[in-house]
Structure formats: structure tokens, C-alpha cells
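start_22.cif follows (mmCIF, C-alpha atoms):
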data_model
loop_
_atom_site.label_atom_id
_atom_site.label_comp_id
_atom_site.auth_asym_id
_atom_site.auth_seq_id
_atom_site.Cartn_x
_atom_site.Cartn_y
_atom_site.Cartn_z
CA MET K 1 -100.67 -2.47 3.03
CA PRO K 2 -99.28 -3.29 -0.39
CA ASN K 3 -97.08 -0.22 -0.08
CA SER K 4 -95.81 -1.35 3.30
CA SER K 5 -95.12 -4.86 2.01
CA GLU K 6 -93.32 -3.45 -1.02
CA LYS K 7 -91.31 -1.17 1.29
CA GLN K 8 -90.41 -4.17 3.49
CA GLY K 9 -89.41 -6.12 0.41
CA THR K 10 -87.29 -3.23 -0.76
CA ASN K 11 -85.65 -2.86 2.67
CA SER K 12 -85.03 -6.58 2.89
CA GLY K 13 -83.49 -6.55 -0.57
CA HIS K 14 -81.38 -3.59 0.46
CA HIS K 15 -80.25 -5.43 3.61
CA LEU K 16 -79.49 -8.52 1.56
CA ARG K 17 -77.29 -6.48 -0.77
CA GLU K 18 -75.51 -4.92 2.22
CA ASP K 19 -75.06 -8.35 3.80
CA SER K 20 -73.68 -9.85 0.63
CA GLU K 21 -71.41 -6.84 0.18
CA TYR K 22 -70.25 -7.15 3.81
CA VAL K 23 -69.56 -10.85 3.42
CA ARG K 24 -67.71 -10.25 0.15
CA LEU K 25 -65.47 -7.53 1.62
CA VAL K 26 -64.87 -8.83 5.12
CA ILE K 27 -65.27 -12.59 4.95
CA SER K 28 -64.24 -13.11 1.40
CA ASN K 29 -63.27 -16.53 0.08
CA GLU K 30 -61.90 -15.06 -3.12
CA PRO K 31 -58.11 -14.91 -3.51
CA THR K 32 -56.60 -11.47 -3.07
CA THR K 33 -54.85 -9.68 -5.85
CA ILE K 34 -51.51 -10.55 -4.26
CA GLY K 35 -52.37 -14.23 -4.34
CA VAL K 36 -53.58 -13.95 -7.94
CA ASP K 37 -50.31 -12.28 -8.91
CA VAL K 38 -48.36 -15.02 -7.20
CA LEU K 39 -50.38 -17.79 -8.83
CA GLN K 40 -50.05 -16.29 -12.30
CA PRO K 41 -47.21 -17.78 -14.39
CA GLN K 42 -44.19 -15.56 -14.66
CA PRO K 43 -43.24 -14.31 -18.11
CA PRO K 44 -40.29 -16.05 -19.73
CA THR K 45 -36.88 -14.54 -19.03
CA THR K 46 -35.05 -15.90 -22.08
CA ARG K 47 -34.56 -12.45 -23.56
CA ASN K 48 -33.19 -11.05 -20.29
CA THR K 49 -30.80 -13.99 -19.96
CA PHE K 50 -29.59 -13.51 -23.52
CA ILE K 51 -28.97 -9.79 -22.92
CA TRP K 52 -27.09 -10.60 -19.71
CA TRP K 53 -24.79 -13.03 -21.54
CA ILE K 54 -24.12 -10.46 -24.25
CA LYS K 55 -23.16 -7.87 -21.63
CA ALA K 56 -20.95 -10.39 -19.83
CA PHE K 57 -19.22 -11.33 -23.11
CA VAL K 58 -18.59 -7.69 -24.03
CA PHE K 59 -17.28 -7.00 -20.53
CA CYS K 60 -14.88 -9.97 -20.71
CA ILE K 61 -13.57 -8.87 -24.12
CA PHE K 62 -13.09 -5.30 -22.89
CA THR K 63 -11.33 -6.52 -19.73
CA LEU K 64 -9.05 -8.79 -21.78
CA ILE K 65 -8.08 -5.92 -24.08
CA LEU K 66 -7.28 -3.68 -21.11
CA LEU K 67 -5.23 -6.48 -19.53
CA LEU K 68 -3.21 -7.00 -22.71
CA VAL K 69 -2.57 -3.27 -23.04
CA PHE K 70 -1.49 -3.09 -19.41
CA LEU K 71 0.87 -6.06 -19.79
CA LYS K 72 2.33 -4.65 -22.99
CA TRP K 73 2.94 -1.04 -21.93
CA GLY K 74 1.81 -0.56 -18.33
CA VAL K 75 3.94 -3.22 -16.63
CA PRO K 76 7.26 -2.14 -18.22
CA PHE K 77 6.50 1.48 -17.34
CA LEU K 78 5.77 0.58 -13.71
CA PHE K 79 8.93 -1.46 -13.44
CA GLU K 80 11.22 1.13 -15.01
CA LYS K 81 9.74 4.34 -13.58
CA VAL K 82 8.25 3.28 -10.24
CA LEU K 83 9.25 -0.09 -8.76
CA PHE K 84 12.91 -0.27 -9.68
CA PRO K 85 13.66 3.31 -8.44
CA ILE K 86 11.77 2.57 -5.20
CA MET K 87 13.78 -0.61 -4.65
CA GLN K 88 17.03 1.29 -5.20
CA TRP K 89 15.86 4.11 -2.91
CA GLU K 90 14.91 1.81 -0.04
CA ALA K 91 18.21 -0.05 -0.35
CA THR K 92 20.29 3.12 -0.01
CA ALA K 93 18.26 5.82 1.76
CA PHE K 94 16.96 4.10 4.91
CA GLY K 95 17.82 1.22 7.12
CA ARG K 96 15.24 -1.47 7.64
CA PRO K 97 14.11 -0.27 11.11
CA VAL K 98 13.53 3.27 9.84
CA LEU K 99 11.75 1.96 6.77
CA ALA K 100 9.48 -0.18 8.96
CA VAL K 101 8.52 2.91 10.98
CA VAL K 102 7.85 4.84 7.77
CA LEU K 103 5.56 2.10 6.45
CA VAL K 104 3.64 1.80 9.74
CA THR K 105 3.18 5.58 9.82
CA SER K 106 1.91 5.67 6.24
CA LEU K 107 -0.50 2.78 6.87
CA ALA K 108 -1.80 4.58 9.96
CA LEU K 109 -2.21 8.05 8.44
CA PHE K 110 -3.31 7.36 4.86
CA PRO K 111 -6.84 6.17 5.85
CA VAL K 112 -7.33 9.34 7.90
CA PHE K 113 -7.00 11.39 4.69
CA LEU K 114 -8.96 8.83 2.60
CA ILE K 115 -5.79 7.72 0.76
CA PRO K 116 -5.55 4.01 -0.22
CA SER K 117 -2.89 2.04 1.65
CA GLY K 118 -2.23 -0.51 -1.08
CA PRO K 119 1.19 0.81 -2.18
CA SER K 120 2.49 0.74 1.40
CA MET K 121 1.30 -2.85 1.80
CA TRP K 122 3.04 -3.82 -1.42
CA LEU K 123 6.25 -2.23 -0.20
CA ALA K 124 5.96 -4.07 3.12
CA GLY K 125 5.63 -7.36 1.24
CA MET K 126 8.40 -6.56 -1.22
CA ILE K 127 10.92 -5.51 1.43
CA PHE K 128 10.08 -7.48 4.60
CA GLY K 129 8.34 -10.62 3.34
CA TYR K 130 5.59 -12.62 5.01
CA GLY K 131 6.71 -12.52 8.64
CA LEU K 132 7.75 -8.97 9.46
CA GLY K 133 5.79 -7.58 6.54
CA PHE K 134 2.55 -9.06 7.91
CA LEU K 135 3.28 -7.62 11.35
CA ILE K 136 3.96 -4.16 9.87
CA ILE K 137 0.74 -4.23 7.83
CA MET K 138 -1.45 -5.36 10.72
CA VAL K 139 -0.03 -2.82 13.18
CA GLY K 140 -0.28 0.06 10.70
CA THR K 141 -3.77 -0.79 9.42
CA THR K 142 -5.08 -1.33 12.97
CA ILE K 143 -3.98 2.17 13.92
CA GLY K 144 -5.38 3.40 10.61
CA MET K 145 -8.79 1.94 11.48
CA VAL K 146 -8.88 3.28 15.04
CA LEU K 147 -7.90 6.88 14.23
CA PRO K 148 -10.75 7.56 11.74
CA TYR K 149 -13.21 5.97 14.15
CA LEU K 150 -12.14 8.31 16.97
CA ILE K 151 -12.06 11.33 14.67
CA GLY K 152 -15.49 10.43 13.31
CA LEU K 153 -16.94 10.52 16.82
CA LEU K 154 -16.03 14.21 16.98
CA PHE K 155 -17.96 14.92 13.75
CA HIS K 156 -20.88 12.55 14.33
CA ASP K 157 -23.63 15.01 13.32
CA ARG K 158 -21.81 16.19 10.21
CA ILE K 159 -21.17 12.63 9.02
CA HIS K 160 -24.81 11.74 9.67
CA HIS K 161 -25.92 14.71 7.57
CA TRP K 162 -23.49 13.73 4.83
CA LEU K 163 -24.80 10.16 4.67
CA LYS K 164 -28.33 11.42 4.06
CA LYS K 165 -27.22 12.34 0.54
CA TRP K 166 -26.42 8.67 -0.18
CA PRO K 167 -29.27 6.62 1.33
CA GLN K 168 -28.10 3.36 -0.26
CA THR K 169 -24.65 3.68 1.31
CA ALA K 170 -26.25 4.62 4.63
CA ALA K 171 -28.47 1.54 4.48
CA MET K 172 -25.45 -0.68 3.87
CA VAL K 173 -23.50 0.86 6.74
CA ARG K 174 -26.50 0.58 9.04
CA LEU K 175 -26.33 -3.22 8.76
CA ALA K 176 -23.08 -3.26 10.70
CA GLY K 177 -24.52 -1.52 13.76
CA GLU K 178 -27.42 -3.90 14.37
CA GLY K 179 -27.72 -7.16 16.22
CA SER K 180 -25.49 -8.87 18.75
CA TRP K 181 -21.74 -8.60 19.30
CA PHE K 182 -21.02 -11.48 16.92
CA HIS K 183 -23.36 -10.04 14.26
CA GLN K 184 -21.52 -6.72 14.34
CA PHE K 185 -18.15 -8.54 14.23
CA ARG K 186 -19.24 -10.61 11.22
CA VAL K 187 -20.65 -7.69 9.24
CA VAL K 188 -17.54 -5.56 9.80
CA ALA K 189 -15.31 -8.45 8.66
CA LEU K 190 -17.45 -8.84 5.53
CA PHE K 191 -17.18 -5.13 4.80
CA ARG K 192 -13.37 -5.38 5.03
CA VAL K 193 -13.31 -8.23 2.53
CA SER K 194 -15.91 -6.73 0.17
CA PRO K 195 -15.12 -4.00 -2.41
CA PHE K 196 -16.82 -1.39 -0.21
CA PRO K 197 -14.32 1.51 0.32
CA TYR K 198 -12.94 0.86 3.79
CA THR K 199 -11.64 4.43 4.18
CA ILE K 200 -15.24 5.71 3.99
CA PHE K 201 -16.49 2.86 6.18
CA ASN K 202 -14.09 3.88 8.98
CA TYR K 203 -15.84 7.24 9.31
CA ALA K 204 -19.40 6.24 8.40
CA ILE K 205 -19.63 3.50 11.03
CA VAL K 206 -19.77 6.07 13.88
CA VAL K 207 -23.37 7.05 12.99
CA THR K 208 -24.61 3.52 13.79
CA SER K 209 -24.94 1.65 17.06
CA MET K 210 -21.65 -0.14 16.42
CA LYS K 211 -19.58 -0.79 19.52
CA PHE K 212 -15.81 -0.27 19.44
CA TRP K 213 -14.58 -3.79 20.20
CA PRO K 214 -16.60 -5.70 17.57
CA TYR K 215 -15.58 -2.97 15.11
CA LEU K 216 -11.90 -3.42 15.93
CA CYS K 217 -11.92 -7.23 16.06
CA GLY K 218 -13.98 -7.54 12.87
CA SER K 219 -11.69 -5.10 11.08
CA ILE K 220 -8.57 -7.03 12.08
CA ALA K 221 -10.12 -10.36 11.04
CA GLY K 222 -11.22 -8.93 7.70
CA MET K 223 -7.77 -7.46 7.01
CA VAL K 224 -5.87 -10.76 7.40
CA PRO K 225 -6.71 -12.18 3.91
CA GLU K 226 -6.06 -8.82 2.27
CA ALA K 227 -2.69 -8.49 4.03
CA PHE K 228 -1.50 -11.89 2.77
CA ILE K 229 -2.65 -11.11 -0.77
CA TYR K 230 -0.77 -7.79 -0.76
CA ILE K 231 2.35 -9.44 0.65
CA TYR K 232 2.24 -12.19 -1.95
CA SER K 233 1.71 -9.77 -4.82
CA GLY K 234 4.54 -7.58 -3.49
CA ARG K 235 6.91 -10.55 -3.34
CA LEU K 236 5.89 -11.57 -6.85
CA ILE K 237 6.50 -8.06 -8.17
CA ARG K 238 9.95 -8.02 -6.57
CA THR K 239 10.78 -11.41 -8.09
CA LEU K 240 9.79 -10.21 -11.55
CA ALA K 241 11.79 -7.02 -11.09
CA ASP K 242 14.88 -9.01 -10.06
CA VAL K 243 14.49 -11.23 -13.11
CA LYS K 244 14.12 -8.30 -15.49
CA TYR K 245 16.68 -5.88 -14.05
CA GLY K 246 18.87 -8.05 -11.85
CA ASN K 247 20.95 -11.19 -12.23
CA HIS K 248 18.28 -13.53 -10.85
CA HIS K 249 17.09 -16.39 -13.06
CA LEU K 250 14.00 -18.47 -12.37
CA ALA K 251 14.22 -22.24 -12.46
CA PRO K 252 11.36 -24.18 -14.08
CA VAL K 253 10.10 -25.21 -10.63
CA GLU K 254 10.01 -21.57 -9.51
CA ILE K 255 8.12 -20.56 -12.65
CA ILE K 256 5.50 -23.27 -12.10
CA TYR K 257 5.22 -22.35 -8.43
CA ASN K 258 4.72 -18.66 -9.21
CA ILE K 259 2.09 -19.39 -11.86
CA ILE K 260 0.12 -21.75 -9.59
CA SER K 261 0.36 -19.41 -6.61
CA LEU K 262 -0.77 -16.49 -8.76
CA ILE K 263 -3.82 -18.43 -9.94
CA VAL K 264 -4.62 -19.45 -6.35
CA ALA K 265 -4.29 -15.85 -5.18
CA ILE K 266 -6.61 -14.55 -7.92
CA VAL K 267 -9.21 -17.26 -7.31
CA THR K 268 -9.06 -16.68 -3.55
CA THR K 269 -9.51 -12.93 -3.95
CA ILE K 270 -12.49 -13.39 -6.26
CA ALA K 271 -14.03 -16.01 -3.96
CA PHE K 272 -13.68 -13.81 -0.87
CA THR K 273 -15.16 -10.83 -2.74
CA ILE K 274 -18.14 -12.76 -4.12
CA TYR K 275 -18.85 -14.36 -0.75
CA ALA K 276 -18.73 -11.01 1.05
CA LYS K 277 -20.98 -9.31 -1.50
CA ARG K 278 -23.55 -12.13 -1.38
CA ALA K 279 -23.51 -12.27 2.41
CA LEU K 280 -24.03 -8.51 2.70
CA LYS K 281 -26.78 -8.67 0.07
CA ASP K 282 -28.54 -11.48 1.97
CA LEU K 283 -28.32 -9.49 5.18
CA GLY K 284 -29.77 -6.45 3.43
CA ASN K 285 -32.59 -8.47 1.89
CA GLY K 286 -33.38 -10.06 5.24
CA GLU K 287 -33.61 -6.66 6.88
CA THR K 288 -35.84 -5.35 4.06
CA GLU K 289 -38.17 -8.35 4.33
CA GLY K 290 -38.37 -7.88 8.08
CA GLU K 291 -39.29 -4.22 7.67
CA ASP K 292 -41.90 -5.11 5.02
CA GLU K 293 -43.46 -7.76 7.26
CA SER K 294 -43.62 -5.41 10.23
CA ALA K 295 -45.14 -2.69 8.08
CA LEU K 296 -47.65 -5.16 6.65
CA TYR K 297 -48.51 -6.38 10.15
CA GLN K 298 -49.04 -2.82 11.37
CA GLN K 299 -51.15 -2.01 8.33
CA GLY K 300 -53.18 -5.18 8.78
CA GLY K 301 -53.72 -4.35 12.45
CA PHE K 302 -54.87 -0.90 11.51
CA GLU K 303 -57.30 -2.29 8.94
CA MET K 304 -58.66 -4.79 11.43
CA GLU K 305 -59.31 -1.99 13.87
CA LYS K 306 -61.52 -0.35 11.26
CA LEU K 307 -63.58 -3.50 10.74
CA PRO K 308 -66.65 -4.08 12.98
CA VAL K 309 -66.05 -6.31 15.97
CA GLU K 310 -69.11 -8.41 15.25
CA ARG K 311 -71.45 -8.72 12.33
CA PRO K 312 -74.68 -6.70 12.36
CA LYS K 313 -77.60 -8.38 14.00
CA HIS K 314 -79.85 -8.13 10.96
CA VAL K 315 -77.51 -10.47 9.07
CA GLY K 316 -78.27 -13.21 11.51
CA VAL K 317 -82.01 -12.46 11.41
CA MET K 318 -82.15 -12.52 7.63
CA SER K 319 -80.13 -15.70 7.38
CA PHE K 320 -82.30 -17.34 10.05
CA SER K 321 -85.52 -16.26 8.35
CA SER K 322 -84.27 -17.50 5.01
#
Would you encode the structure as C-alpha cells?
Amino acid sequence: MPNSSEKQGTNSGHHLREDSEYVRLVISNEPTTIGVDVLQPQPPTTRNTFIWWIKAFVFCIFTLILLLVFLKWGVPFLFEKVLFPIMQWEATAFGRPVLAVVLVTSLALFPVFLIPSGPSMWLAGMIFGYGLGFLIIMVGTTIGMVLPYLIGLLFHDRIHHWLKKWPQTAAMVRLAGEGSWFHQFRVVALFRVSPFPYTIFNYAIVVTSMKFWPYLCGSIAGMVPEAFIYIYSGRLIRTLADVKYGNHHLAPVEIIYNIISLIVAIVTTIAFTIYAKRALKDLGNGETEGEDESALYQQGGFEMEKLPVERPKHVGVMSFSS
């Protein structure tokens, strides 16, 4: 009898340990490690902030030196060897209608071969101004966005295989093909404004679920600010070239106007770029958080399936007897 009582005591103690272990693991009131990590104070970031400011200061100094070097030697070289000969060539070689066709053709074909269209936009602004120049840029760039899209559809599998080598780029492009019509329109417009290479985007977008019309409308909307900036800079370059090599003289009002408009153009370009980058980053972070939550929910559901549906009966007996 003593042995049986000792055995019962041992079994009851064993059950109590199992019960306490079950309660601790399944119905635990203790905070999880994730909660503990969240509740813990974050380490100070003074050193990281100081390093960031040092890097920003060095970058500004380096950029200023490059800008001074470019203004000292680069600008005169561009005026004498590139811009002034082009202005003389366009004034004598072609008529304006032929030159407009040449610019539209270059704007349409350059993106197909991954060539930047900036010089053609500058020429359109320098020669035709805001009205006709804007029309030439929009017609040429619209064709230049449609042609790569149609060509990319023919090489869909090859482009998809190519994007696997750059998963970060593929993840960014994938944002544009998700959501509603307006979401696709908005993301494409942001891509056009952002520093993301639009010549690559024209081909890469075909591997997503992007529809043609939001792609086209978003591309046109995103190109409008860039077109005006190129036209303005082209007109400013022509004015400076006329002052340096022609007989044109700027009045004080014109000088003030050009300086203010240049500052406005630079600030607008930077603002559009920063806004587009932040908006795309927020969209990417939102998608990542959504994927993490769905994965956590699936993992939690899987863990709950492994837990017992109800507590063992002996837990209730032991708690009742106690």
C-alpha cells in the first residue's frame, strides 16, 4: 500500500508538472519575446545621426566641387563644341517641319534601344518653345512608351527570366501591376517622375498584370512635368548661348526672371523626385507588411492546428481535487 500511495503521489506530481507545463506553453500570461523586444528601450542613435551628417556634408562638398568644375570648363565646352554647332545646323540644314518630324522620330525610337531622350527634348524646347515643343515631346514620348511595351510582349518569358537576376528591381516593378485601375495609373505616374530608368520600365512592366490603358495614361501624366522642365532648360540654354555668341543682351529684369525661374525649376524637380521616391517606398513597405501579416496569420493558424482542441481531462480533475 505505501508503494501504491507513493506511486500515486509520483504520478500526481508528474501530472501536475505536465499541467503546469501545458498552461505555461499554451495559456501563458507571460509576454512573448516579440513583446519584450518591443518594450525594451531602443539604443541611442546619436552616433548614427552624426555619421549620417558627416556623409551628407562630404557629399555636398563633393557635389559643389563638381558643379564648379562643370561651370568653369564643362559649360564653355558644351556651348562651343555642341550647342552652338547644333543651333547653326538646325538653322541651315532643315526646315522646321522636317526638324519636328526628326525630333518626334528620335523620341519614339530612342527608348526602344534604351537610349535616353533628354537631348531631343532639349532641342525641342530650344527650337520650338513651350507650345509646339511640348506637343512634339508628348507625341514622340507617347510613341516611345507604346513601342517598347508592344515589343516586350513578344519577349515576355525572356524579360521575366532577366528580371530574376535583379529581385529588388522586379519587386519595384511588380508594384505597378497590382490593385485597381487608378492604383496602376498612380504607380506608373510615380515611376515616370522618380529616378527609376523609364527605358527599362517600359520593357519590364509587361511581366506584371499591368493593363495597357492605365500604363499609357499614367505614363503620359508622369511625363508632363518632365516635358516642361526639359523645355524650360532648353530655352534657358538657348538664351545663354545667344548672350554668349550672339548679339542678344539681357536686361536686369530678364536676369532676375531667369534666376528665379531656374530656382523654381530646380526646387520643383527635387520636390517631384522626393515625393515619388517616398510614395513608391511607402507602397513597397505596405506590400511587405501585408505579406508579413499574411505569413504570420498562416503560421499562427498552422500552430493552432497543432494545439489540442481542449485541455486534457486530468487537468480539470486535479484542479477540482485541489
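Among the candidates K:Thr92, K:Asn258, K:Thr105, K:Ser219, the residue lying nearest to Ile237 in chain K is K:Asn258 (atoms considered: only C-alpha atoms).
With distances restricted to all atoms listed in the file, K:Tyr245 is the closest residue to Pro85 in chain K from K:Tyr130, K:Tyr275, K:Lys55, K:Tyr245.
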Query raised in the report: Given the file above and the PyMOL selection byres ((chain K and resi 189) around 6), which residues are selected, and can you give them as a VMD selection string?
Result: chain K and resid 186 to 188 190 to 192 218 to 219 222
**Report entry** Polymer residues at most 7 Å from His156 in chain K, all atoms listed in the file, same-chain spacing of 4 or more positions, as a list in words
**Finding:** Gly152, His160, Val206 and Val207 of chain K
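A straight line drawn from CA of Gly177 in chain K to CA of Leu147 in chain K is 18.6 Å long.
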Query - Residues near Glu80 in chain K, cut-off 10 Å, all atoms listed in the file, skip fewer than 6 positions along chain, as JSON, numbers by chain - result: {"K": [86, 241, 244, 245]}
Query raised in the report: Quick one, how far is CA of Ile200 in chain K from CA of Gly140 in chain K?
Result: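 These atoms are spaced 17.3 Å apart.
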Report task. Pick out the closest residue to Trp162 in chain K from this set: K:Ala204, K:Val101, K:Ile229, K:Leu236. Count all atoms listed in the file. Result ->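 When distances to Trp162 in chain K are compared using all atoms listed in the file, the smallest one comes from K:Ala204.
For Pro119 in chain K, the residues within 9 Å (counting only C-alpha atoms, excluding itself and residues fewer than 4 positions away along the chain) are Leu123, Ala124 and Tyr230 of chain K.
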Query raised in the report: At what distance in Å, to one decimal, does CA of Gly74 in chain K lie from CA of Tyr232 in chain K?
Result: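 CA of Gly74 in chain K lies 20.1 Å from CA of Tyr232 in chain K.
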**Report entry** Top pick for closest residue to Ile137 in chain K, considering K:Phe84, K:Val75, K:Ile220, K:Thr239 and counting all atoms listed in the file
**Finding:**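 Under the stated criterion, the closest residue is K:Ile220.
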Need to verify the contact set: Thr208 in chain K, 12 Å, only C-alpha atoms, exclusion of same-chain residues closer than 3 positions in sequence. Can you return it as a PDB file with C-alpha atoms, in the frame of the given file?
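Saved file result-v9.pdb follows:
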ATOM      1  CA  TYR K 149     -13.210   5.970  14.150  1.00  0.00           C
ATOM      2  CA  GLY K 152     -15.490  10.430  13.310  1.00  0.00           C
ATOM      3  CA  LEU K 153     -16.940  10.520  16.820  1.00  0.00           C
ATOM      4  CA  HIS K 156     -20.880  12.550  14.330  1.00  0.00           C
ATOM      5  CA  ASP K 157     -23.630  15.010  13.320  1.00  0.00           C
ATOM      6  CA  ILE K 159     -21.170  12.630   9.020  1.00  0.00           C
ATOM      7  CA  HIS K 160     -24.810  11.740   9.670  1.00  0.00           C
ATOM      8  CA  LEU K 163     -24.800  10.160   4.670  1.00  0.00           C
ATOM      9  CA  ALA K 170     -26.250   4.620   4.630  1.00  0.00           C
ATOM     10  CA  ALA K 171     -28.470   1.540   4.480  1.00  0.00           C
ATOM     11  CA  MET K 172     -25.450  -0.680   3.870  1.00  0.00           C
ATOM     12  CA  VAL K 173     -23.500   0.860   6.740  1.00  0.00           C
ATOM     13  CA  ARG K 174     -26.500   0.580   9.040  1.00  0.00           C
ATOM     14  CA  LEU K 175     -26.330  -3.220   8.760  1.00  0.00           C
ATOM     15  CA  ALA K 176     -23.080  -3.260  10.700  1.00  0.00           C
ATOM     16  CA  GLY K 177     -24.520  -1.520  13.760  1.00  0.00           C
ATOM     17  CA  GLU K 178     -27.420  -3.900  14.370  1.00  0.00           C
ATOM     18  CA  GLY K 179     -27.720  -7.160  16.220  1.00  0.00           C
ATOM     19  CA  GLN K 184     -21.520  -6.720  14.340  1.00  0.00           C
ATOM     20  CA  PHE K 201     -16.490   2.860   6.180  1.00  0.00           C
ATOM     21  CA  ASN K 202     -14.090   3.880   8.980  1.00  0.00           C
ATOM     22  CA  TYR K 203     -15.840   7.240   9.310  1.00  0.00           C
ATOM     23  CA  ALA K 204     -19.400   6.240   8.400  1.00  0.00           C
ATOM     24  CA  ILE K 205     -19.630   3.500  11.030  1.00  0.00           C
ATOM     25  CA  LYS K 211     -19.580  -0.790  19.520  1.00  0.00           C
ATOM     26  CA  PHE K 212     -15.810  -0.270  19.440  1.00  0.00           C
ATOM     27  CA  TYR K 215     -15.580  -2.970  15.110  1.00  0.00           C
TER      28      TYR K 215
END
Requested in this report: Have a look at K:Ala221, K:Leu150, K:Leu280, K:Val264 and name the one nearest to Phe185 in chain K; count only C-alpha atoms.
Outcome: K:Ala221
